[in-house]
Amino acid sequence: MADGSKAYVAGMGSNNLIAIDGAGTRLGSGPIPVGEGPTGIVLDQTRNKAYVLNKFEGTVSTVDLSTDKEVARANFFDPTPMVIKAGRKHLYNTHLGSGNGHISCGSCHVDARWDRLGWDLGDPSGDMTVVDGKTFHPMKGVKTTQFLIDIINRGRGNLHWRGDKDSFLDFAGAFQSLQGLSAPKDAAGMQEFSDFLASCWYVPNPYRTFKPETTSSTSRLNPNRVRGTGTTFQAIPPAVNLFVASNVNCVHCHNAQTGRGELAGNGNVAGNGGNVNFTLNRNMSADLRSTYRKNGFFYNTAEVTSGFGMMSDGVMETWFNGAGVGNTYLGDYEPELLSWSGGVTQGNCSACFTFPLSSSVVQDALPAVGLRQTLNGASIGSITQLNVMKDLAQTRPAEYGLIVKGKYGGEMRGFYYMGSDIYQSDISGQTVTHTQLVTSAQGSGGPLSWTVVHPSTKVRAGVDADNDAIMDHDDLQAKVNVRANMEGAYVGTAMRSTLRDNSLLPATDPYGQGAQVDPDVLQYQGLAAPVDWALVELRNNATPTLVEASRAVLVQRSGNLMMPAGEQTITFPTVPAGNYHVVVRHRNHLGVMTFAPTALGAAGTLIDFTKPATATYGTDAQKNVAGVMVMWAGDVSGNGIIKYAGGGNDRDPILVRIGGTVPTATVPGYHPEDVNLDGVVKYAGSSNDRDPILVNIGGSVPTAVKTQQVP
């Protein structure tokens with residue numbers, strides 16, 4: 001708070017916030033649950049609200065500061081690949097990762113990297129293990145934390161400093177023995193975790209030159225770049241092309257792209273003639289890509305900015321150009337070691353590619369990725385810098401892509417570089433030249449920003465944001481975000497996800513559209529968890545009885561509707577952007593439709609049926625529950641009428657479903673007679689499915705009916 005009396009801290013791994021006072025003492029009765037992966041908080045004291053960015057979920061939570069409760073959650077477009085969304089939780093989620101809900105793999109492997117610490121995690125009661133013919137003692141001694149990024153099937157494939165894990169899946173037991181779960185992580189979860197790590201990339205290395213095989217070390221490093229101790233900067237070795245020395249002296253042990261190499265005790269190893277004997281070595285060769293992050297550990301001063309040094313147990317300072325061959329010696333290998341992240345080109349070190357699992361693939365973002373230059377009029381921006389960026393995309397197309405975003409021709413546009421001074425625009429078949437873009441930006445056309453990206457992302461980032469193979473400017477299909485509550489599942493602040501929780505939610509939609517839910521979506525937690533299937537229709541703006549298109553979607557506990565693959569924006573690829581009535585239907589609730597047509601096509605358009613202010617078609621189209629609108633429950637027959645008595649009523653099917661003779665019987669499952677969506681059909685007793693029907697038709701005249709307000 002502005003007066004310093006209260007602050008909020010986001011728990012990225014626990015999916016909640018805590019409130020603390022000025023002394024750091026926790027306030028309130030407990031954590032405040034929000035969405036998955038909260039990473040930022042903005043306080044709006046004028047409105048008495050806090051807005052929380054749930055990065056992993058792609059949502060923003062609104063928290064009431066007077067009650068410290070989440071009161072709303074809004075979604076935004078999130079292009080994160082599903083392999084990341086599915087596997088990320090195994091790294092960060094403390095509830096899934098530990099017995100007490102307070103630690104995760106990410107507690108030590110921070111952002112899948114390291115915590116700059118050394119741990120002695122030996123188990124005195126453990127057994128000797130045999131991996132690849134080698135016997136390992138359970139007491140391993142102090143070992144520094146290693147990076148997890150891009151470790152899958154690299155080097156020899158084995159993991160840990162000692163190589164005592166044959167594959168990543170062998171770490172399942174650590175969730176029990178180290179983090180306190182009641183059992184090892186299941187095989188499916190470990191595979192998701194492995195796939196996630198295999199998709200992670202090293203960030204750009206600030207020490208690496210843009211073109212390492214042709215640029216000398218002095219062009220890349222300078223005395224003001226790599227700090228020694230105090231105000232001293234490390235000396236720069238003689239000018240040599242990078243990775244020349246590695247071809248002679250490093251290749252015995254370290255492979256090309258990661259630097260990871262031979263197993264401990266492997267005798268004469270692969271590489272340059274088998275000149276290095278690993279027989280007595282007790283550790284695998286290190287991943288050299290993380291070397292540049294260790295700079296800062298020195299023996300000769302109390303000034304230590306990194307807690308541990310180069311080796312497995314944290315010894316060996318990171319002073320590269322010291323004289324001699326003792327513990328302090330790294331010689332003149334500073335250029336290679338500090339810039340290894342990004343891989344070694346085969347022309348510089350062909351022998352580096354002789355290791356098992358060696359590959360020409362570099363799972364690192366190269367150093368120029370992220371460079372940006374904006375031109376705006378004659379005086380803003382550097383053509384010289386822009387030409388450097390364009391040259392990288394031109395001469396290194398496998399390493400760099402170049403995109404342009406900004407105003408062009410009076411519109412906000414996007415482009416990506418194709419080569420030879422030509423850009424593909426966000427209109428299919430349209431290209432523009434580099435000169436045209438520069439002339440427009442330096443004239444009166446408006447600002448344009450050029451950004452260097454990885455080539456795998458240039459199309460999505462430049463011209464196809466939703467990656468549907470339709471260019472952004474052409475992608476004028478109808479799209480909408482929708483929020484709606486089903487009364488049967490609504491329990492005061494959100495809906496229950498009992499159907500999903502009890503594995504009753506079908507993988508295929510019940511509306512005959514053949515939509516299949518992504519298995520990873522079924523694992524969503526908190527307010528993102530799926531409640532049930534629903535149907536979204538677009539109705540003709542002039543003739544609202546005419547259905548233009550429909551999509552089967554999933555309803556989340558928060559009320560947000562999402563596509564079966566998890567995307568919150570509901571798209572209609574065959575329907576052009578325009579004005580439409582929006583309808584939400586459910587298999588045993590009355591549908592609801594917007595009163596007026598809404599313009600659909602712009603990103604972020606939201607129809608929120610949970611708000612009383614949202615005008616709906618007809619009269620009494622929804623039910624108001626303490627200021628929150630919900631769809632009327634009880635249309636068991638699905639005919640658009642809630643009826644308690646008489647022919648075709650919605651009560652009798654409930655009795656029939658449970659057997660027809662014993663009114664206290666129950667039947668579990670996914671059935672339309674389950675009005676309250678708790679996974680059990682119940683005719684009598686508490687929480688039965690019959691009473692909501694009577695309540696919704698008025699509660700006193702059993703022959704009354706409630707009719708759906710959708711034409």
# chains A, B, ... in the order shown; residues from 1 in each chain; ligands from 1
$ select_by_dssp --residues "segment 418-586 of chain A" --states "helix (DSSP H, G or I)" --output "PyMOL selection string"
chain A and resi 434-442+455-462+487-489+498-501+521-523+526-528
$ residues_around --residues "segment 607-613 of chain A" --least-positions-apart "6" --cutoff "8 Å" --atoms "only C-alpha atoms" --output "compact mmCIF listing (two decimals) with all heavy atoms, in the first residue's frame"
# COMPACT_ATOMS: atom_id res chain seq x y z
N VAL A 480 -14.35 -14.48 -30.56
CA VAL A 480 -14.95 -13.86 -29.39
C VAL A 480 -14.49 -14.58 -28.14
O VAL A 480 -14.23 -15.79 -28.14
CB VAL A 480 -16.50 -13.88 -29.50
CG1 VAL A 480 -17.03 -15.30 -29.47
CG2 VAL A 480 -17.13 -13.03 -28.40
N ASN A 481 -14.38 -13.83 -27.05
CA ASN A 481 -14.18 -14.40 -25.72
C ASN A 481 -15.52 -14.35 -25.00
O ASN A 481 -16.22 -13.32 -25.06
CB ASN A 481 -13.15 -13.60 -24.93
CG ASN A 481 -11.77 -13.66 -25.57
OD1 ASN A 481 -11.09 -14.67 -25.48
ND2 ASN A 481 -11.37 -12.58 -26.22
N VAL A 482 -15.88 -15.43 -24.34
CA VAL A 482 -17.20 -15.53 -23.71
C VAL A 482 -17.04 -16.02 -22.28
O VAL A 482 -16.19 -16.86 -21.97
CB VAL A 482 -18.11 -16.50 -24.48
CG1 VAL A 482 -19.51 -16.53 -23.85
CG2 VAL A 482 -18.20 -16.11 -25.95
N ARG A 483 -17.90 -15.48 -21.42
CA ARG A 483 -17.94 -15.91 -20.02
C ARG A 483 -19.39 -16.19 -19.65
O ARG A 483 -20.29 -15.38 -19.94
CB ARG A 483 -17.33 -14.83 -19.13
CG ARG A 483 -17.11 -15.25 -17.68
CD ARG A 483 -16.41 -14.16 -16.91
NE ARG A 483 -15.06 -13.93 -17.42
CZ ARG A 483 -14.48 -12.75 -17.46
NH1 ARG A 483 -15.14 -11.67 -17.08
NH2 ARG A 483 -13.25 -12.63 -17.91
N ALA A 484 -19.64 -17.32 -19.02
CA ALA A 484 -21.01 -17.68 -18.60
C ALA A 484 -20.93 -18.68 -17.46
O ALA A 484 -19.98 -19.47 -17.37
CB ALA A 484 -21.79 -18.28 -19.77
N ASN A 485 -21.91 -18.65 -16.58
CA ASN A 485 -21.99 -19.58 -15.45
C ASN A 485 -23.16 -20.54 -15.61
O ASN A 485 -24.25 -20.12 -16.02
CB ASN A 485 -22.17 -18.82 -14.13
CG ASN A 485 -20.91 -18.13 -13.67
OD1 ASN A 485 -19.81 -18.67 -13.81
ND2 ASN A 485 -21.05 -16.94 -13.10
N GLY A 559 -15.89 -19.40 -15.23
CA GLY A 559 -16.91 -18.96 -16.16
C GLY A 559 -16.37 -18.72 -17.56
O GLY A 559 -17.14 -18.60 -18.51
N VAL A 582 -24.61 -13.64 -30.04
CA VAL A 582 -23.84 -14.75 -29.46
C VAL A 582 -24.74 -15.52 -28.51
O VAL A 582 -25.40 -14.93 -27.64
CB VAL A 582 -22.59 -14.24 -28.73
CG1 VAL A 582 -21.83 -15.40 -28.09
CG2 VAL A 582 -21.68 -13.48 -29.69
N ASN A 624 -30.27 -14.31 -11.29
CA ASN A 624 -29.33 -13.47 -10.55
C ASN A 624 -29.08 -14.12 -9.18
O ASN A 624 -29.98 -14.26 -8.37
CB ASN A 624 -29.90 -12.07 -10.36
CG ASN A 624 -28.87 -11.09 -9.81
OD1 ASN A 624 -28.11 -11.40 -8.91
ND2 ASN A 624 -28.86 -9.88 -10.37
N GLY A 627 -25.94 -11.06 -7.27
CA GLY A 627 -25.28 -10.12 -8.18
C GLY A 627 -24.50 -10.76 -9.30
O GLY A 627 -23.87 -10.05 -10.10
N VAL A 628 -24.53 -12.08 -9.39
CA VAL A 628 -23.85 -12.81 -10.47
C VAL A 628 -24.89 -13.55 -11.29
O VAL A 628 -25.76 -14.26 -10.73
CB VAL A 628 -22.81 -13.80 -9.92
CG1 VAL A 628 -22.16 -14.59 -11.04
CG2 VAL A 628 -21.75 -13.06 -9.12
N MET A 629 -24.84 -13.41 -12.59
CA MET A 629 -25.83 -14.05 -13.46
C MET A 629 -25.39 -15.47 -13.80
O MET A 629 -24.22 -15.74 -14.10
CB MET A 629 -26.02 -13.25 -14.74
CG MET A 629 -26.38 -11.78 -14.51
SD MET A 629 -27.83 -11.54 -13.43
CE MET A 629 -29.13 -12.21 -14.47
N VAL A 630 -26.38 -16.38 -13.73
CA VAL A 630 -26.14 -17.79 -14.05
C VAL A 630 -27.25 -18.28 -14.98
O VAL A 630 -28.38 -17.77 -14.96
CB VAL A 630 -26.09 -18.67 -12.78
CG1 VAL A 630 -24.96 -18.22 -11.86
CG2 VAL A 630 -27.43 -18.64 -12.04
$ residues_around --residues "Gln622 of chain A" --least-positions-apart "2" --cutoff "6 Å" --atoms "only C-alpha atoms" --output "NGL selection string"
:A and (620 or 630-632)
$ write_last_selection --atoms "N, CA, C and O atoms" --output "mmCIF file, in the first residue's frame"
data_model
loop_
_atom_site.group_PDB
_atom_site.id
_atom_site.type_symbol
_atom_site.label_atom_id
_atom_site.label_comp_id
_atom_site.auth_asym_id
_atom_site.auth_seq_id
_atom_site.Cartn_x
_atom_site.Cartn_y
_atom_site.Cartn_z
ATOM 1 N N ASP A 620 -36.068 -12.179 -18.478
ATOM 2 C CA ASP A 620 -35.633 -13.088 -17.415
ATOM 3 C C ASP A 620 -34.826 -14.252 -17.998
ATOM 4 O O ASP A 620 -35.034 -15.420 -17.637
ATOM 5 N N VAL A 630 -26.383 -16.385 -13.730
ATOM 6 C CA VAL A 630 -26.137 -17.790 -14.050
ATOM 7 C C VAL A 630 -27.249 -18.280 -14.979
ATOM 8 O O VAL A 630 -28.378 -17.769 -14.958
ATOM 9 N N MET A 631 -26.943 -19.266 -15.786
ATOM 10 C CA MET A 631 -27.942 -19.849 -16.679
ATOM 11 C C MET A 631 -28.873 -20.763 -15.881
ATOM 12 O O MET A 631 -28.434 -21.502 -14.997
ATOM 13 N N TRP A 632 -30.166 -20.684 -16.189
ATOM 14 C CA TRP A 632 -31.162 -21.471 -15.460
ATOM 15 C C TRP A 632 -30.883 -22.967 -15.602
ATOM 16 O O TRP A 632 -30.711 -23.486 -16.700
#
$ closest_residue --among "A:Gly414, A:Gly647, A:Pro506, A:Gly259" --to "Asp472 of chain A" --atoms "only C-alpha atoms"
A:Gly414
$ residues_around --residues "Pro184 of chain A" --least-positions-apart "6" --cutoff "6 Å" --atoms "only C-alpha atoms" --output "PDB file with N, CA and C atoms, in the first residue's frame"
ATOM      1  N   ALA A 172      12.129 -39.784 -11.281  1.00  0.00           N
ATOM      2  CA  ALA A 172      10.776 -39.829 -10.706  1.00  0.00           C
ATOM      3  C   ALA A 172      10.817 -40.027  -9.199  1.00  0.00           C
ATOM      4  N   GLY A 173      11.760 -40.840  -8.710  1.00  0.00           N
ATOM      5  CA  GLY A 173      11.839 -41.117  -7.287  1.00  0.00           C
ATOM      6  C   GLY A 173      12.240 -39.924  -6.450  1.00  0.00           C
ATOM      7  N   PHE A 175      10.978 -37.041  -6.448  1.00  0.00           N
ATOM      8  CA  PHE A 175       9.782 -36.355  -5.959  1.00  0.00           C
ATOM      9  C   PHE A 175       9.326 -36.940  -4.627  1.00  0.00           C
ATOM     10  N   GLN A 176       9.648 -38.209  -4.393  1.00  0.00           N
ATOM     11  CA  GLN A 176       9.312 -38.837  -3.118  1.00  0.00           C
ATOM     12  C   GLN A 176      10.453 -38.712  -2.115  1.00  0.00           C
TER      13      GLN A 176
END
$ atom_distance --atom1 "atom CA of His160 of chain A" --atom2 "atom CA of Cys108 of chain A"
14.2 Å
$ atom_distance --atom1 "atom CA of Leu606 of chain A" --atom2 "atom CA of Pro564 of chain A"
18.4 Å
$ closest_residue --among "A:Phe353, A:Val203, A:Cys253, A:Ser29" --to "His454 of chain A" --atoms "only C-alpha atoms"
A:Val203
$ closest_residue --among "A:Asn158, A:Asn540, A:Ser14, A:Asn75" --to "Ala603 of chain A" --atoms "only C-alpha atoms"
A:Asn75
$ decode --residues "segment 410-423 of chain A" --atoms "all heavy atoms" --output "PDB file, in the first residue's frame"
ATOM      1  N   GLY A 410      -1.195   3.540 -43.090  1.00  0.00           N
ATOM      2  CA  GLY A 410      -2.335   3.961 -42.283  1.00  0.00           C
ATOM      3  C   GLY A 410      -2.905   2.879 -41.393  1.00  0.00           C
ATOM      4  O   GLY A 410      -3.911   3.110 -40.717  1.00  0.00           O
ATOM      5  N   GLU A 411      -2.281   1.669 -41.347  1.00  0.00           N
ATOM      6  CA  GLU A 411      -2.783   0.565 -40.533  1.00  0.00           C
ATOM      7  C   GLU A 411      -1.650  -0.018 -39.713  1.00  0.00           C
ATOM      8  O   GLU A 411      -0.478   0.109 -40.063  1.00  0.00           O
ATOM      9  CB  GLU A 411      -3.352  -0.559 -41.418  1.00  0.00           C
ATOM     10  CG  GLU A 411      -4.524  -0.193 -42.287  1.00  0.00           C
ATOM     11  CD  GLU A 411      -4.960  -1.382 -43.122  1.00  0.00           C
ATOM     12  OE1 GLU A 411      -4.351  -1.633 -44.184  1.00  0.00           O
ATOM     13  OE2 GLU A 411      -5.889  -2.089 -42.687  1.00  0.00           O
ATOM     14  N   MET A 412      -2.028  -0.696 -38.618  1.00  0.00           N
ATOM     15  CA  MET A 412      -1.040  -1.458 -37.854  1.00  0.00           C
ATOM     16  C   MET A 412      -0.796  -2.763 -38.604  1.00  0.00           C
ATOM     17  O   MET A 412      -1.724  -3.534 -38.857  1.00  0.00           O
ATOM     18  CB  MET A 412      -1.544  -1.722 -36.438  1.00  0.00           C
ATOM     19  CG  MET A 412      -1.783  -0.459 -35.631  1.00  0.00           C
ATOM     20  SD  MET A 412      -0.336   0.638 -35.546  1.00  0.00           S
ATOM     21  CE  MET A 412       0.809  -0.403 -34.638  1.00  0.00           C
ATOM     22  N   ARG A 413       0.474  -2.996 -38.955  1.00  0.00           N
ATOM     23  CA  ARG A 413       0.811  -4.116 -39.830  1.00  0.00           C
ATOM     24  C   ARG A 413       1.964  -4.934 -39.255  1.00  0.00           C
ATOM     25  O   ARG A 413       2.621  -4.544 -38.293  1.00  0.00           O
ATOM     26  CB  ARG A 413       1.212  -3.590 -41.221  1.00  0.00           C
ATOM     27  CG  ARG A 413       0.125  -2.789 -41.938  1.00  0.00           C
ATOM     28  CD  ARG A 413      -1.037  -3.689 -42.367  1.00  0.00           C
ATOM     29  NE  ARG A 413      -0.573  -4.754 -43.227  1.00  0.00           N
ATOM     30  CZ  ARG A 413      -0.345  -4.646 -44.545  1.00  0.00           C
ATOM     31  NH1 ARG A 413      -0.541  -3.473 -45.150  1.00  0.00           N
ATOM     32  NH2 ARG A 413       0.063  -5.673 -45.263  1.00  0.00           N
ATOM     33  N   GLY A 414       2.224  -6.072 -39.901  1.00  0.00           N
ATOM     34  CA  GLY A 414       3.329  -6.933 -39.524  1.00  0.00           C
ATOM     35  C   GLY A 414       4.021  -7.489 -40.760  1.00  0.00           C
ATOM     36  O   GLY A 414       3.386  -7.664 -41.818  1.00  0.00           O
ATOM     37  N   PHE A 415       5.330  -7.796 -40.638  1.00  0.00           N
ATOM     38  CA  PHE A 415       6.127  -8.309 -41.755  1.00  0.00           C
ATOM     39  C   PHE A 415       7.221  -9.219 -41.196  1.00  0.00           C
ATOM     40  O   PHE A 415       7.614  -9.095 -40.032  1.00  0.00           O
ATOM     41  CB  PHE A 415       6.798  -7.164 -42.530  1.00  0.00           C
ATOM     42  CG  PHE A 415       5.878  -6.046 -42.934  1.00  0.00           C
ATOM     43  CD1 PHE A 415       5.585  -5.016 -42.049  1.00  0.00           C
ATOM     44  CD2 PHE A 415       5.308  -6.019 -44.202  1.00  0.00           C
ATOM     45  CE1 PHE A 415       4.742  -3.980 -42.412  1.00  0.00           C
ATOM     46  CE2 PHE A 415       4.461  -4.985 -44.575  1.00  0.00           C
ATOM     47  CZ  PHE A 415       4.176  -3.963 -43.681  1.00  0.00           C
ATOM     48  N   TYR A 416       7.727 -10.133 -42.037  1.00  0.00           N
ATOM     49  CA  TYR A 416       8.956 -10.844 -41.683  1.00  0.00           C
ATOM     50  C   TYR A 416       9.871 -10.892 -42.890  1.00  0.00           C
ATOM     51  O   TYR A 416       9.431 -10.887 -44.038  1.00  0.00           O
ATOM     52  CB  TYR A 416       8.678 -12.252 -41.145  1.00  0.00           C
ATOM     53  CG  TYR A 416       8.246 -13.284 -42.161  1.00  0.00           C
ATOM     54  CD1 TYR A 416       9.192 -14.001 -42.916  1.00  0.00           C
ATOM     55  CD2 TYR A 416       6.897 -13.594 -42.343  1.00  0.00           C
ATOM     56  CE1 TYR A 416       8.796 -14.963 -43.832  1.00  0.00           C
ATOM     57  CE2 TYR A 416       6.508 -14.553 -43.256  1.00  0.00           C
ATOM     58  CZ  TYR A 416       7.453 -15.241 -43.998  1.00  0.00           C
ATOM     59  OH  TYR A 416       7.065 -16.188 -44.910  1.00  0.00           O
ATOM     60  N   TYR A 417      11.183 -10.929 -42.614  1.00  0.00           N
ATOM     61  CA  TYR A 417      12.192 -10.839 -43.665  1.00  0.00           C
ATOM     62  C   TYR A 417      12.337 -12.179 -44.379  1.00  0.00           C
ATOM     63  O   TYR A 417      12.516 -13.221 -43.754  1.00  0.00           O
ATOM     64  CB  TYR A 417      13.528 -10.416 -43.064  1.00  0.00           C
ATOM     65  CG  TYR A 417      14.595 -10.095 -44.093  1.00  0.00           C
ATOM     66  CD1 TYR A 417      14.464  -8.989 -44.919  1.00  0.00           C
ATOM     67  CD2 TYR A 417      15.732 -10.892 -44.223  1.00  0.00           C
ATOM     68  CE1 TYR A 417      15.442  -8.673 -45.854  1.00  0.00           C
ATOM     69  CE2 TYR A 417      16.716 -10.592 -45.148  1.00  0.00           C
ATOM     70  CZ  TYR A 417      16.562  -9.487 -45.968  1.00  0.00           C
ATOM     71  OH  TYR A 417      17.518  -9.178 -46.900  1.00  0.00           O
ATOM     72  N   MET A 418      12.281 -12.134 -45.727  1.00  0.00           N
ATOM     73  CA  MET A 418      12.398 -13.335 -46.539  1.00  0.00           C
ATOM     74  C   MET A 418      13.777 -13.473 -47.173  1.00  0.00           C
ATOM     75  O   MET A 418      14.131 -14.534 -47.692  1.00  0.00           O
ATOM     76  CB  MET A 418      11.343 -13.313 -47.652  1.00  0.00           C
ATOM     77  CG  MET A 418       9.912 -13.245 -47.164  1.00  0.00           C
ATOM     78  SD  MET A 418       8.749 -12.983 -48.532  1.00  0.00           S
ATOM     79  CE  MET A 418       8.976 -14.507 -49.468  1.00  0.00           C
ATOM     80  N   GLY A 419      14.565 -12.400 -47.141  1.00  0.00           N
ATOM     81  CA  GLY A 419      15.856 -12.392 -47.801  1.00  0.00           C
ATOM     82  C   GLY A 419      15.842 -11.471 -49.007  1.00  0.00           C
ATOM     83  O   GLY A 419      14.781 -11.085 -49.520  1.00  0.00           O
ATOM     84  N   SER A 420      17.034 -11.095 -49.462  1.00  0.00           N
ATOM     85  CA  SER A 420      17.188 -10.253 -50.659  1.00  0.00           C
ATOM     86  C   SER A 420      16.388  -8.959 -50.565  1.00  0.00           C
ATOM     87  O   SER A 420      15.794  -8.506 -51.562  1.00  0.00           O
ATOM     88  CB  SER A 420      16.788 -11.041 -51.919  1.00  0.00           C
ATOM     89  OG  SER A 420      17.572 -12.203 -52.053  1.00  0.00           O
ATOM     90  N   ASP A 421      16.336  -8.369 -49.382  1.00  0.00           N
ATOM     91  CA  ASP A 421      15.659  -7.091 -49.141  1.00  0.00           C
ATOM     92  C   ASP A 421      14.144  -7.146 -49.337  1.00  0.00           C
ATOM     93  O   ASP A 421      13.503  -6.112 -49.551  1.00  0.00           O
ATOM     94  CB  ASP A 421      16.243  -5.990 -50.037  1.00  0.00           C
ATOM     95  CG  ASP A 421      17.528  -5.406 -49.469  1.00  0.00           C
ATOM     96  OD1 ASP A 421      17.991  -5.922 -48.422  1.00  0.00           O
ATOM     97  OD2 ASP A 421      18.056  -4.449 -50.037  1.00  0.00           O
ATOM     98  N   ILE A 422      13.556  -8.350 -49.242  1.00  0.00           N
ATOM     99  CA  ILE A 422      12.112  -8.515 -49.423  1.00  0.00           C
ATOM    100  C   ILE A 422      11.489  -9.013 -48.120  1.00  0.00           C
ATOM    101  O   ILE A 422      12.031  -9.893 -47.445  1.00  0.00           O
ATOM    102  CB  ILE A 422      11.805  -9.522 -50.561  1.00  0.00           C
ATOM    103  CG1 ILE A 422      12.411  -9.039 -51.880  1.00  0.00           C
ATOM    104  CG2 ILE A 422      10.291  -9.709 -50.709  1.00  0.00           C
ATOM    105  CD1 ILE A 422      11.856  -7.723 -52.377  1.00  0.00           C
ATOM    106  N   TYR A 423      10.314  -8.453 -47.788  1.00  0.00           N
ATOM    107  CA  TYR A 423       9.565  -8.851 -46.599  1.00  0.00           C
ATOM    108  C   TYR A 423       8.196  -9.388 -47.011  1.00  0.00           C
ATOM    109  O   TYR A 423       7.537  -8.821 -47.897  1.00  0.00           O
ATOM    110  CB  TYR A 423       9.339  -7.660 -45.665  1.00  0.00           C
ATOM    111  CG  TYR A 423      10.588  -7.089 -45.045  1.00  0.00           C
ATOM    112  CD1 TYR A 423      11.440  -6.260 -45.775  1.00  0.00           C
ATOM    113  CD2 TYR A 423      10.906  -7.349 -43.721  1.00  0.00           C
ATOM    114  CE1 TYR A 423      12.578  -5.720 -45.206  1.00  0.00           C
ATOM    115  CE2 TYR A 423      12.045  -6.807 -43.131  1.00  0.00           C
ATOM    116  CZ  TYR A 423      12.878  -5.995 -43.886  1.00  0.00           C
ATOM    117  OH  TYR A 423      13.998  -5.463 -43.302  1.00  0.00           O
TER     118      TYR A 423
END
